[in-house]
file entry-v2.pdb (PDB, C-alpha atoms, pLDDT in the B column)
ATOM      1  CA  MET E   1       0.000   0.000   0.000  1.00 83.00           C
ATOM      2  CA  ARG E   2       1.281   3.452  -0.916  1.00 97.00           C
ATOM      3  CA  THR E   3       0.941   5.400   2.309  1.00 98.00           C
ATOM      4  CA  SER E   4       2.440   8.411   4.041  1.00 98.00           C
ATOM      5  CA  LYS E   5       2.233  10.460   7.194  1.00 98.00           C
ATOM      6  CA  VAL E   6       3.251  14.100   7.279  1.00 98.00           C
ATOM      7  CA  ALA E   7       3.418  16.474  10.225  1.00 98.00           C
ATOM      8  CA  ARG E   8       3.951  20.196   9.720  1.00 98.00           C
ATOM      9  CA  LYS E   9       4.128  22.738  12.529  1.00 98.00           C
ATOM     10  CA  THR E  10       4.667  26.472  12.214  1.00 98.00           C
ATOM     11  CA  ALA E  11       3.798  29.505  14.310  1.00 97.00           C
ATOM     12  CA  GLU E  12       0.533  29.661  12.328  1.00 98.00           C
ATOM     13  CA  THR E  13      -0.607  26.044  11.958  1.00 98.00           C
ATOM     14  CA  ASP E  14      -0.102  22.560  13.399  1.00 98.00           C
ATOM     15  CA  ILE E  15      -1.031  19.911  10.825  1.00 98.00           C
ATOM     16  CA  SER E  16      -0.974  16.140  10.473  1.00 98.00           C
ATOM     17  CA  VAL E  17      -1.930  14.265   7.306  1.00 98.00           C
ATOM     18  CA  GLU E  18      -2.299  10.514   6.818  1.00 98.00           C
ATOM     19  CA  LEU E  19      -2.751   9.332   3.247  1.00 98.00           C
ATOM     20  CA  THR E  20      -3.349   5.931   1.647  1.00 98.00           C
ATOM     21  CA  LEU E  21      -3.403   6.190  -2.124  1.00 98.00           C
ATOM     22  CA  ASP E  22      -4.836   2.711  -2.745  1.00 97.00           C
ATOM     23  CA  GLY E  23      -7.826   3.255  -0.528  1.00 97.00           C
ATOM     24  CA  THR E  24     -11.600   3.354  -0.818  1.00 98.00           C
ATOM     25  CA  GLY E  25     -12.119   7.089  -0.377  1.00 98.00           C
ATOM     26  CA  THR E  26     -12.654   7.144   3.376  1.00 98.00           C
ATOM     27  CA  TYR E  27     -11.922  10.441   5.080  1.00 98.00           C
ATOM     28  CA  ASP E  28     -11.775  12.203   8.424  1.00 98.00           C
ATOM     29  CA  ASN E  29     -10.795  15.819   7.860  1.00 98.00           C
ATOM     30  CA  GLN E  30     -10.956  18.406  10.623  1.00 98.00           C
ATOM     31  CA  THR E  31      -9.398  21.801   9.981  1.00 98.00           C
ATOM     32  CA  GLY E  32     -11.851  24.073  11.764  1.00 98.00           C
ATOM     33  CA  VAL E  33     -13.015  25.448   8.392  1.00 98.00           C
ATOM     34  CA  GLY E  34     -16.298  23.732   7.554  1.00 98.00           C
ATOM     35  CA  PHE E  35     -16.519  24.361   3.818  1.00 98.00           C
ATOM     36  CA  PHE E  36     -12.852  23.455   3.366  1.00 98.00           C
ATOM     37  CA  ASP E  37     -13.378  20.163   5.230  1.00 98.00           C
ATOM     38  CA  HIS E  38     -16.240  19.451   2.811  1.00 98.00           C
ATOM     39  CA  MET E  39     -13.897  20.053  -0.148  1.00 98.00           C
ATOM     40  CA  LEU E  40     -11.179  17.821   1.344  1.00 98.00           C
ATOM     41  CA  ASP E  41     -13.793  15.110   1.822  1.00 98.00           C
ATOM     42  CA  GLN E  42     -14.615  15.388  -1.904  1.00 98.00           C
ATOM     43  CA  LEU E  43     -10.932  15.169  -2.813  1.00 98.00           C
ATOM     44  CA  ALA E  44     -10.469  11.952  -0.830  1.00 98.00           C
ATOM     45  CA  ARG E  45     -13.758  10.351  -1.853  1.00 98.00           C
ATOM     46  CA  HIS E  46     -13.438  10.910  -5.578  1.00 98.00           C
ATOM     47  CA  ALA E  47      -9.707  10.133  -5.790  1.00 98.00           C
ATOM     48  CA  LEU E  48     -10.382   6.907  -3.860  1.00 98.00           C
ATOM     49  CA  MET E  49      -7.595   7.715  -1.435  1.00 98.00           C
ATOM     50  CA  ASP E  50      -8.046   7.435   2.311  1.00 98.00           C
ATOM     51  CA  MET E  51      -7.203  10.713   4.027  1.00 98.00           C
ATOM     52  CA  THR E  52      -7.123  11.987   7.576  1.00 98.00           C
ATOM     53  CA  VAL E  53      -6.274  15.640   8.164  1.00 98.00           C
ATOM     54  CA  ARG E  54      -5.995  17.445  11.470  1.00 98.00           C
ATOM     55  CA  CYS E  55      -5.197  21.131  11.583  1.00 98.00           C
ATOM     56  CA  SER E  56      -5.114  23.629  14.398  1.00 98.00           C
ATOM     57  CA  GLY E  57      -4.618  27.031  12.836  1.00 97.00           C
ATOM     58  CA  ASP E  58      -4.802  30.737  13.580  1.00 98.00           C
ATOM     59  CA  LEU E  59      -8.458  31.022  12.567  1.00 97.00           C
ATOM     60  CA  HIS E  60      -8.817  34.102  14.775  1.00 97.00           C
ATOM     61  CA  ILE E  61      -6.906  35.900  11.991  1.00 96.00           C
ATOM     62  CA  ASP E  62      -8.604  34.225   9.005  1.00 96.00           C
ATOM     63  CA  ASP E  63      -8.675  30.894   7.129  1.00 98.00           C
ATOM     64  CA  HIS E  64      -5.769  31.650   4.790  1.00 98.00           C
ATOM     65  CA  HIS E  65      -2.883  30.010   6.678  1.00 98.00           C
ATOM     66  CA  THR E  66      -4.956  26.916   7.450  1.00 98.00           C
ATOM     67  CA  VAL E  67      -6.024  26.351   3.840  1.00 98.00           C
ATOM     68  CA  GLU E  68      -2.619  27.070   2.331  1.00 98.00           C
ATOM     69  CA  ASP E  69      -0.655  25.024   4.862  1.00 98.00           C
ATOM     70  CA  VAL E  70      -3.001  22.041   4.564  1.00 98.00           C
ATOM     71  CA  GLY E  71      -2.422  22.220   0.802  1.00 98.00           C
ATOM     72  CA  ILE E  72       1.323  22.112   1.439  1.00 98.00           C
ATOM     73  CA  ALA E  73       1.032  19.123   3.775  1.00 98.00           C
ATOM     74  CA  ILE E  74      -1.292  17.123   1.490  1.00 98.00           C
ATOM     75  CA  GLY E  75       1.006  17.804  -1.463  1.00 98.00           C
ATOM     76  CA  GLN E  76       3.995  16.593   0.555  1.00 98.00           C
ATOM     77  CA  ALA E  77       2.083  13.489   1.668  1.00 98.00           C
ATOM     78  CA  LEU E  78       1.041  12.687  -1.900  1.00 98.00           C
ATOM     79  CA  ASN E  79       4.583  13.069  -3.191  1.00 98.00           C
ATOM     80  CA  GLU E  80       5.941  10.844  -0.419  1.00 98.00           C
ATOM     81  CA  ALA E  81       3.291   8.156  -0.968  1.00 98.00           C
ATOM     82  CA  LEU E  82       3.940   8.064  -4.739  1.00 98.00           C
ATOM     83  CA  GLY E  83       7.607   7.269  -4.155  1.00 97.00           C
ATOM     84  CA  ASP E  84       9.517   6.976  -7.443  1.00 96.00           C
ATOM     85  CA  LYS E  85       6.158   6.828  -9.343  1.00 97.00           C
ATOM     86  CA  ARG E  86       7.061   3.522 -10.939  1.00 96.00           C
ATOM     87  CA  GLY E  87       4.164   2.024 -12.862  1.00 96.00           C
ATOM     88  CA  ILE E  88       1.679   4.905 -12.536  1.00 98.00           C
ATOM     89  CA  ASN E  89      -0.334   6.320 -15.423  1.00 98.00           C
ATOM     90  CA  ARG E  90       1.161   9.729 -14.606  1.00 98.00           C
ATOM     91  CA  TYR E  91      -1.477  11.738 -16.523  1.00 98.00           C
ATOM     92  CA  GLY E  92      -5.111  12.273 -15.640  1.00 98.00           C
ATOM     93  CA  GLU E  93      -8.013  14.335 -16.875  1.00 98.00           C
ATOM     94  CA  CYS E  94     -11.665  14.899 -16.051  1.00 98.00           C
ATOM     95  CA  ALA E  95     -14.501  17.092 -17.264  1.00 98.00           C
ATOM     96  CA  LEU E  96     -16.900  17.227 -14.343  1.00 98.00           C
ATOM     97  CA  ALA E  97     -20.440  18.573 -14.299  1.00 98.00           C
ATOM     98  CA  MET E  98     -22.170  19.681 -11.117  1.00 98.00           C
ATOM     99  CA  ASP E  99     -25.537  21.311 -11.741  1.00 98.00           C
ATOM    100  CA  ASP E 100     -24.785  24.678 -13.407  1.00 98.00           C
ATOM    101  CA  ALA E 101     -21.007  24.241 -13.186  1.00 98.00           C
ATOM    102  CA  GLN E 102     -18.604  22.370 -15.407  1.00 98.00           C
ATOM    103  CA  VAL E 103     -14.904  22.276 -14.569  1.00 99.00           C
ATOM    104  CA  ARG E 104     -12.153  20.531 -16.504  1.00 98.00           C
ATOM    105  CA  CYS E 105      -8.916  19.304 -14.983  1.00 99.00           C
ATOM    106  CA  ALA E 106      -5.810  17.936 -16.647  1.00 99.00           C
ATOM    107  CA  LEU E 107      -2.772  17.047 -14.579  1.00 98.00           C
ATOM    108  CA  ASP E 108       0.661  15.479 -14.789  1.00 98.00           C
ATOM    109  CA  LEU E 109       2.446  13.959 -11.804  1.00 98.00           C
ATOM    110  CA  SER E 110       5.649  15.159 -13.407  1.00 97.00           C
ATOM    111  CA  GLY E 111       7.593  16.468 -10.439  1.00 97.00           C
ATOM    112  CA  ARG E 112       7.431  19.877 -12.147  1.00 98.00           C
ATOM    113  CA  PRO E 113       4.909  22.019 -10.281  1.00 98.00           C
ATOM    114  CA  PHE E 114       2.847  24.452 -12.288  1.00 98.00           C
ATOM    115  CA  LEU E 115      -0.666  25.740 -11.762  1.00 98.00           C
ATOM    116  CA  ILE E 116      -3.157  27.149 -14.239  1.00 98.00           C
ATOM    117  CA  CYS E 117      -6.368  27.919 -12.357  1.00 98.00           C
ATOM    118  CA  ASN E 118      -9.131  29.581 -14.334  1.00 98.00           C
ATOM    119  CA  LEU E 119     -12.037  29.731 -11.904  1.00 98.00           C
ATOM    120  CA  ASP E 120     -14.372  32.713 -11.970  1.00 98.00           C
ATOM    121  CA  MET E 121     -16.570  32.541  -8.911  1.00 97.00           C
ATOM    122  CA  PRO E 122     -19.253  35.224  -8.789  1.00 98.00           C
ATOM    123  CA  THR E 123     -19.121  35.700  -5.016  1.00 98.00           C
ATOM    124  CA  GLN E 124     -16.261  36.483  -2.646  1.00 98.00           C
ATOM    125  CA  LYS E 125     -17.626  34.135   0.007  1.00 98.00           C
ATOM    126  CA  ILE E 126     -19.213  30.712   0.260  1.00 98.00           C
ATOM    127  CA  GLY E 127     -20.756  31.044   3.688  1.00 96.00           C
ATOM    128  CA  THR E 128     -17.801  32.421   5.653  1.00 96.00           C
ATOM    129  CA  PHE E 129     -15.197  30.866   3.325  1.00 98.00           C
ATOM    130  CA  ASP E 130     -13.188  33.199   1.046  1.00 98.00           C
ATOM    131  CA  THR E 131     -13.479  31.869  -2.503  1.00 98.00           C
ATOM    132  CA  GLU E 132      -9.964  33.102  -3.361  1.00 98.00           C
ATOM    133  CA  LEU E 133      -8.658  30.388  -1.019  1.00 98.00           C
ATOM    134  CA  VAL E 134      -9.628  27.679  -3.510  1.00 98.00           C
ATOM    135  CA  ARG E 135      -6.773  28.835  -5.729  1.00 98.00           C
ATOM    136  CA  GLU E 136      -4.450  29.164  -2.714  1.00 98.00           C
ATOM    137  CA  PHE E 137      -5.068  25.522  -1.819  1.00 98.00           C
ATOM    138  CA  PHE E 138      -4.394  24.280  -5.341  1.00 99.00           C
ATOM    139  CA  GLN E 139      -1.253  26.424  -5.607  1.00 98.00           C
ATOM    140  CA  ALA E 140       0.181  24.916  -2.423  1.00 98.00           C
ATOM    141  CA  PHE E 141      -0.961  21.403  -3.347  1.00 99.00           C
ATOM    142  CA  SER E 142       0.533  21.496  -6.848  1.00 98.00           C
ATOM    143  CA  THR E 143       3.789  23.102  -5.705  1.00 98.00           C
ATOM    144  CA  HIS E 144       4.497  20.643  -2.902  1.00 98.00           C
ATOM    145  CA  GLY E 145       3.030  17.649  -4.716  1.00 98.00           C
ATOM    146  CA  GLY E 146       5.152  18.289  -7.817  1.00 98.00           C
ATOM    147  CA  ILE E 147       2.045  18.437 -10.005  1.00 98.00           C
ATOM    148  CA  THR E 148       1.449  20.247 -13.259  1.00 98.00           C
ATOM    149  CA  LEU E 149      -2.187  21.130 -12.612  1.00 99.00           C
ATOM    150  CA  HIS E 150      -4.600  22.812 -15.016  1.00 99.00           C
ATOM    151  CA  ILE E 151      -8.105  23.674 -13.800  1.00 99.00           C
ATOM    152  CA  ASP E 152     -10.504  25.397 -16.186  1.00 98.00           C
ATOM    153  CA  GLN E 153     -14.082  26.470 -15.563  1.00 98.00           C
ATOM    154  CA  VAL E 154     -16.203  25.892 -18.644  1.00 98.00           C
ATOM    155  CA  HIS E 155     -19.253  27.561 -17.114  1.00 97.00           C
ATOM    156  CA  GLY E 156     -21.151  28.028 -13.864  1.00 98.00           C
ATOM    157  CA  PHE E 157     -22.912  30.700 -11.842  1.00 98.00           C
ATOM    158  CA  ASN E 158     -23.029  29.216  -8.326  1.00 98.00           C
ATOM    159  CA  SER E 159     -19.766  29.620  -6.379  1.00 98.00           C
ATOM    160  CA  HIS E 160     -20.364  26.537  -4.233  1.00 98.00           C
ATOM    161  CA  HIS E 161     -20.951  24.385  -7.310  1.00 98.00           C
ATOM    162  CA  ILE E 162     -17.916  25.795  -9.131  1.00 98.00           C
ATOM    163  CA  ALA E 163     -15.584  25.177  -6.177  1.00 98.00           C
ATOM    164  CA  GLU E 164     -16.938  21.699  -5.534  1.00 98.00           C
ATOM    165  CA  ALA E 165     -16.741  20.781  -9.220  1.00 98.00           C
ATOM    166  CA  ALA E 166     -13.088  21.891  -9.190  1.00 99.00           C
ATOM    167  CA  PHE E 167     -12.178  19.688  -6.218  1.00 99.00           C
ATOM    168  CA  LYS E 168     -14.046  16.721  -7.678  1.00 99.00           C
ATOM    169  CA  ALA E 169     -12.477  17.180 -11.128  1.00 99.00           C
ATOM    170  CA  VAL E 170      -9.001  17.326  -9.594  1.00 99.00           C
ATOM    171  CA  ALA E 171      -9.805  14.227  -7.534  1.00 99.00           C
ATOM    172  CA  ARG E 172     -10.976  12.201 -10.529  1.00 98.00           C
ATOM    173  CA  ALA E 173      -7.982  13.257 -12.618  1.00 99.00           C
ATOM    174  CA  LEU E 174      -5.660  12.443  -9.718  1.00 98.00           C
ATOM    175  CA  ARG E 175      -7.230   9.008  -9.336  1.00 98.00           C
ATOM    176  CA  SER E 176      -6.493   8.214 -12.982  1.00 98.00           C
ATOM    177  CA  ALA E 177      -2.928   9.525 -12.799  1.00 98.00           C
ATOM    178  CA  MET E 178      -2.083   7.618  -9.591  1.00 98.00           C
ATOM    179  CA  GLU E 179      -3.430   4.278 -10.766  1.00 97.00           C
ATOM    180  CA  GLN E 180      -1.086   1.550 -11.914  1.00 94.00           C
ATOM    181  CA  ASP E 181      -0.632   0.980 -15.635  1.00 95.00           C
ATOM    182  CA  PRO E 182      -0.794  -2.829 -16.050  1.00 92.00           C
ATOM    183  CA  ARG E 183       1.204  -2.649 -19.292  1.00 93.00           C
ATOM    184  CA  LYS E 184       4.110  -0.795 -17.640  1.00 92.00           C
ATOM    185  CA  ALA E 185       3.921  -1.814 -13.986  1.00 88.00           C
ATOM    186  CA  ASP E 186       7.703  -1.761 -13.481  1.00 91.00           C
ATOM    187  CA  ALA E 187       8.584   1.303 -15.539  1.00 94.00           C
ATOM    188  CA  ILE E 188       9.009   4.969 -14.692  1.00 95.00           C
ATOM    189  CA  PRO E 189       6.569   6.747 -17.062  1.00 94.00           C
ATOM    190  CA  SER E 190       9.170   9.041 -18.610  1.00 95.00           C
ATOM    191  CA  THR E 191      11.838   8.789 -21.297  1.00 93.00           C
ATOM    192  CA  LYS E 192      14.157  10.448 -18.765  1.00 92.00           C
ATOM    193  CA  GLY E 193      13.893   7.413 -16.500  1.00 91.00           C
ATOM    194  CA  ILE E 194      13.012   9.580 -13.490  1.00 92.00           C
ATOM    195  CA  LEU E 195      10.138  11.772 -12.367  1.00 92.00           C
TER     196      LEU E 195
END
call {"tool": "encode", "arguments": {"input": "entry-v2.pdb", "output": "structure tokens"}}
result
Amino acid sequence: MRTSKVARKTAETDISVELTLDGTGTYDNQTGVGFFDHMLDQLARHALMDMTVRCSGDLHIDDHHTVEDVGIAIGQALNEALGDKRGINRYGECALAMDDAQVRCALDLSGRPFLICNLDMPTQKIGTFDTELVREFFQAFSTHGGITLHIDQVHGFNSHHIAEAAFKAVARALRSAMEQDPRKADAIPSTKGIL
């Protein structure tokens, strides 16, 4: 089983992440930010990876440090669990519809982090959650996970649906990329021989 445990403690956050890539999509995520927990649950469930996140953050300031630092820790945990990436598909994509919203994701577990995030949410808040933090999470996640990550909103007018479609699209693309390629189970999926 490809698993990892990451602990990250700063003056702003104290985080632990447990990740099992070959899971069933079970989750137990508690960050103190309700909407964000809901998005992390979607990430785990639709990527079929088991994930437990605990975060104690400086929420008296705002949610920014919590969301960004959890993205860092999950990216680190994913990278650690993937190991040398031998036998994985490496690439994944998904066009996901959720009511009014459609979001496309294409990603490459290349070891070369890069984020394109074209999400245009019509509101600044979803409940008490700042919608700009969706991008902050994906920036941290892609950087520390070594992922080339492209997220593009096709359409949508409900911020909750757009954000949730983005997390689900990333999850489904990630699931495809992480899965083993039965035709190349022992090979690094790169002509370079390393990822």
call {"tool": "resolve_selection", "arguments": {"input": "entry-v2.pdb", "expression": "the PyMOL selection byres ((chain E and resi 182-192) around 10)", "output": "PyMOL selection string"}}
result
chain E and resi 84-91+109-110+179-181+193-195
call {"tool": "resolve_selection", "arguments": {"input": "entry-v2.pdb", "expression": "the PyMOL selection byres ((chain E and resi 163-170) around 9)", "output": "VMD selection string"}}
result
chain E and resid 38 to 40 42 to 43 45 to 47 92 to 98 101 to 107 119 121 131 134 149 to 153 158 to 162 171 to 175
call {"tool": "atom_distance", "arguments": {"input": "entry-v2.pdb", "atom1": "atom CA of E:Thr13", "atom2": "atom CA of E:Leu48"}}
result
26.7 Å
call {"tool": "closest_residue", "arguments": {"input": "entry-v2.pdb", "among": "E:Gly111, E:Val33, E:Gly146, E:Phe138", "to": "E:Ile126", "atoms": "all atoms listed in the file"}}
result
E:Val33
call {"tool": "closest_residue", "arguments": {"input": "entry-v2.pdb", "among": "E:Leu133, E:Ile15, E:Leu82, E:Ile74", "to": "E:Met178", "atoms": "only C-alpha atoms"}}
result
E:Leu82
call {"tool": "decode", "arguments": {"input": "entry-v2.pdb", "residues": "stretch 100-193 of chain E", "atoms": "C-alpha atoms", "output": "mmCIF file, in the first residue's frame"}}
result
data_model
loop_
_atom_site.group_PDB
_atom_site.id
_atom_site.type_symbol
_atom_site.label_atom_id
_atom_site.label_comp_id
_atom_site.auth_asym_id
_atom_site.auth_seq_id
_atom_site.Cartn_x
_atom_site.Cartn_y
_atom_site.Cartn_z
ATOM 1 C CA ASP E 100 -24.785 24.678 -13.407
ATOM 2 C CA ALA E 101 -21.007 24.241 -13.186
ATOM 3 C CA GLN E 102 -18.604 22.370 -15.407
ATOM 4 C CA VAL E 103 -14.904 22.276 -14.569
ATOM 5 C CA ARG E 104 -12.153 20.531 -16.504
ATOM 6 C CA CYS E 105 -8.916 19.304 -14.983
ATOM 7 C CA ALA E 106 -5.810 17.936 -16.647
ATOM 8 C CA LEU E 107 -2.772 17.047 -14.579
ATOM 9 C CA ASP E 108 0.661 15.479 -14.789
ATOM 10 C CA LEU E 109 2.446 13.959 -11.804
ATOM 11 C CA SER E 110 5.649 15.159 -13.407
ATOM 12 C CA GLY E 111 7.593 16.468 -10.439
ATOM 13 C CA ARG E 112 7.431 19.877 -12.147
ATOM 14 C CA PRO E 113 4.909 22.019 -10.281
ATOM 15 C CA PHE E 114 2.847 24.452 -12.288
ATOM 16 C CA LEU E 115 -0.666 25.740 -11.762
ATOM 17 C CA ILE E 116 -3.157 27.149 -14.239
ATOM 18 C CA CYS E 117 -6.368 27.919 -12.357
ATOM 19 C CA ASN E 118 -9.131 29.581 -14.334
ATOM 20 C CA LEU E 119 -12.037 29.731 -11.904
ATOM 21 C CA ASP E 120 -14.372 32.713 -11.970
ATOM 22 C CA MET E 121 -16.570 32.541 -8.911
ATOM 23 C CA PRO E 122 -19.253 35.224 -8.789
ATOM 24 C CA THR E 123 -19.121 35.700 -5.016
ATOM 25 C CA GLN E 124 -16.261 36.483 -2.646
ATOM 26 C CA LYS E 125 -17.626 34.135 0.007
ATOM 27 C CA ILE E 126 -19.213 30.712 0.260
ATOM 28 C CA GLY E 127 -20.756 31.044 3.688
ATOM 29 C CA THR E 128 -17.801 32.421 5.653
ATOM 30 C CA PHE E 129 -15.197 30.866 3.325
ATOM 31 C CA ASP E 130 -13.188 33.199 1.046
ATOM 32 C CA THR E 131 -13.479 31.869 -2.503
ATOM 33 C CA GLU E 132 -9.964 33.102 -3.361
ATOM 34 C CA LEU E 133 -8.658 30.388 -1.019
ATOM 35 C CA VAL E 134 -9.628 27.679 -3.510
ATOM 36 C CA ARG E 135 -6.773 28.835 -5.729
ATOM 37 C CA GLU E 136 -4.450 29.164 -2.714
ATOM 38 C CA PHE E 137 -5.068 25.522 -1.819
ATOM 39 C CA PHE E 138 -4.394 24.280 -5.341
ATOM 40 C CA GLN E 139 -1.253 26.424 -5.607
ATOM 41 C CA ALA E 140 0.181 24.916 -2.423
ATOM 42 C CA PHE E 141 -0.961 21.403 -3.347
ATOM 43 C CA SER E 142 0.533 21.496 -6.848
ATOM 44 C CA THR E 143 3.789 23.102 -5.705
ATOM 45 C CA HIS E 144 4.497 20.643 -2.902
ATOM 46 C CA GLY E 145 3.030 17.649 -4.716
ATOM 47 C CA GLY E 146 5.152 18.289 -7.817
ATOM 48 C CA ILE E 147 2.045 18.437 -10.005
ATOM 49 C CA THR E 148 1.449 20.247 -13.259
ATOM 50 C CA LEU E 149 -2.187 21.130 -12.612
ATOM 51 C CA HIS E 150 -4.600 22.812 -15.016
ATOM 52 C CA ILE E 151 -8.105 23.674 -13.800
ATOM 53 C CA ASP E 152 -10.504 25.397 -16.186
ATOM 54 C CA GLN E 153 -14.082 26.470 -15.563
ATOM 55 C CA VAL E 154 -16.203 25.892 -18.644
ATOM 56 C CA HIS E 155 -19.253 27.561 -17.114
ATOM 57 C CA GLY E 156 -21.151 28.028 -13.864
ATOM 58 C CA PHE E 157 -22.912 30.700 -11.842
ATOM 59 C CA ASN E 158 -23.029 29.216 -8.326
ATOM 60 C CA SER E 159 -19.766 29.620 -6.379
ATOM 61 C CA HIS E 160 -20.364 26.537 -4.233
ATOM 62 C CA HIS E 161 -20.951 24.385 -7.310
ATOM 63 C CA ILE E 162 -17.916 25.795 -9.131
ATOM 64 C CA ALA E 163 -15.584 25.177 -6.177
ATOM 65 C CA GLU E 164 -16.938 21.699 -5.534
ATOM 66 C CA ALA E 165 -16.741 20.781 -9.220
ATOM 67 C CA ALA E 166 -13.088 21.891 -9.190
ATOM 68 C CA PHE E 167 -12.178 19.688 -6.218
ATOM 69 C CA LYS E 168 -14.046 16.721 -7.678
ATOM 70 C CA ALA E 169 -12.477 17.180 -11.128
ATOM 71 C CA VAL E 170 -9.001 17.326 -9.594
ATOM 72 C CA ALA E 171 -9.805 14.227 -7.534
ATOM 73 C CA ARG E 172 -10.976 12.201 -10.529
ATOM 74 C CA ALA E 173 -7.982 13.257 -12.618
ATOM 75 C CA LEU E 174 -5.660 12.443 -9.718
ATOM 76 C CA ARG E 175 -7.230 9.008 -9.336
ATOM 77 C CA SER E 176 -6.493 8.214 -12.982
ATOM 78 C CA ALA E 177 -2.928 9.525 -12.799
ATOM 79 C CA MET E 178 -2.083 7.618 -9.591
ATOM 80 C CA GLU E 179 -3.430 4.278 -10.766
ATOM 81 C CA GLN E 180 -1.086 1.550 -11.914
ATOM 82 C CA ASP E 181 -0.632 0.980 -15.635
ATOM 83 C CA PRO E 182 -0.794 -2.829 -16.050
ATOM 84 C CA ARG E 183 1.204 -2.649 -19.292
ATOM 85 C CA LYS E 184 4.110 -0.795 -17.640
ATOM 86 C CA ALA E 185 3.921 -1.814 -13.986
ATOM 87 C CA ASP E 186 7.703 -1.761 -13.481
ATOM 88 C CA ALA E 187 8.584 1.303 -15.539
ATOM 89 C CA ILE E 188 9.009 4.969 -14.692
ATOM 90 C CA PRO E 189 6.569 6.747 -17.062
ATOM 91 C CA SER E 190 9.170 9.041 -18.610
ATOM 92 C CA THR E 191 11.838 8.789 -21.297
ATOM 93 C CA LYS E 192 14.157 10.448 -18.765
ATOM 94 C CA GLY E 193 13.893 7.413 -16.500
#
